[in-house]
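**Q** Once you've had a glance at the structure underneath, I'll fire off some questions.
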Amino acid sequence: MVMFKASLEDGKYTYINDNGKQQILRYGFPWKEKELAGDNLLLAMGNEIERLQLELRYVKFLRQIESKGFINKEDFYQYMDLDIEGHRSIGDNCTMKMMVDHFERGQTMKVDNFYTLIKNKENMP
């Protein structure tokens, strides 16, 4: 897990999880450090916030490409950065390699075709 940071209450609190080492800032200063030792509930809540934020970014991305009706190179790399489906290992997958080549040539793709390719990738062994 990489470092995760969440701002809460309009920046009043900041939750930081750096590979399981938790920290809470209140108005930018460390807060309740001793109380966090071994607090698995807080760690679980932080992990859930991280998961939900990623899911929200994914939904916003899907709405963005669906409103355009096509996906371009920038959209594709934004999708790869989201890494929702674990697609970062593109070197070992012919479908993803083909998609990278397609977008690197400056071509676009209809959203329906993109969804079909992604669904096929999910079904591959």
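Quick note on naming: the chains in the structure tokens go A, B, ... in the order shown, residues restart at 1 in each chain, and ligands are numbered from 1 in order of appearance.
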Quick one: everything within 7 Å of Asn72 (chain A), counting only C-alpha atoms, minus sequence neighbours fewer than 6 positions away in the same chain. Send it as a CSV table (one decimal) with C-alpha atoms, in the first residue's frame.

**A**
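Done, and the output landed in around31.csv:
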```csv
chain,number,residue,atom,x,y,z
A,103,PHE,CA,-3.9,5.3,-28.6
A,107,GLN,CA,-6.5,7.2,-32.7
A,108,THR,CA,-9.7,7.3,-30.7
A,109,MET,CA,-12.1,4.5,-29.8
```

**Q** Determine, counting only C-alpha atoms, which protein, DNA and RNA residues have an atom within 9 Å of an atom of region 49-60 of chain A; residues of the same chain fewer than 4 positions away are not included. Present the result as an NGL selection string.

**A** :A and (4-6 or 44-45 or 64-65 or 79 or 82 or 84)

**Q** Contacts of Glu9 (chain A) at 12 Å or less, counting only C-alpha atoms, minus same-chain residues fewer than 3 places along, as a list in words?

**A**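 With the cut-off at 12 Å, the set is Ala6, Lys12, Tyr13, Thr14, Tyr15, Leu25, Arg26 and Tyr27 of chain A.
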
**Q** Can you pull out the residues contacting Leu42 (chain A)? Cut-off 10 Å, using only C-alpha atoms, and skip same-chain residues under 5 positions away; I want them as a VMD selection string.

**A** chain A and resid 15 17 22 36 47 to 48

**Q** Just write the chosen residues, C-alpha atoms, as a JSON list (two decimals), in the first residue's frame.

**A**
```
[["chain", "number", "residue", "atom", "x", "y", "z"],
["A", 15, "TYR", "CA", -5.82, 11.33, 8.03],
["A", 17, "ASN", "CA", -1.82, 6.15, 6.31],
["A", 22, "GLN", "CA", -1.30, 6.18, 10.86],
["A", 36, "LEU", "CA", -3.66, 5.72, 17.38],
["A", 47, "ASN", "CA", -8.80, 1.97, 3.96],
["A", 48, "GLU", "CA", -12.53, 2.20, 3.23]]
```

**Q** Name the closest residue to Asp101 (chain A) among the candidates A:Tyr115, A:Gly11, A:Ile16, A:Lys73; distances are taken between atoms, counting only C-alpha atoms.

**A**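 Of A:Tyr115, A:Gly11, A:Ile16, A:Lys73, the one nearest Asp101 (chain A), counting only C-alpha atoms, is A:Lys73.
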
**Q** Quick one: pick out all alpha helix (DSSP H) residues within chain A from a backbone DSSP run and write them as a ChimeraX atom specification.

**A** /A:40-68,73-82,94-104,111-123
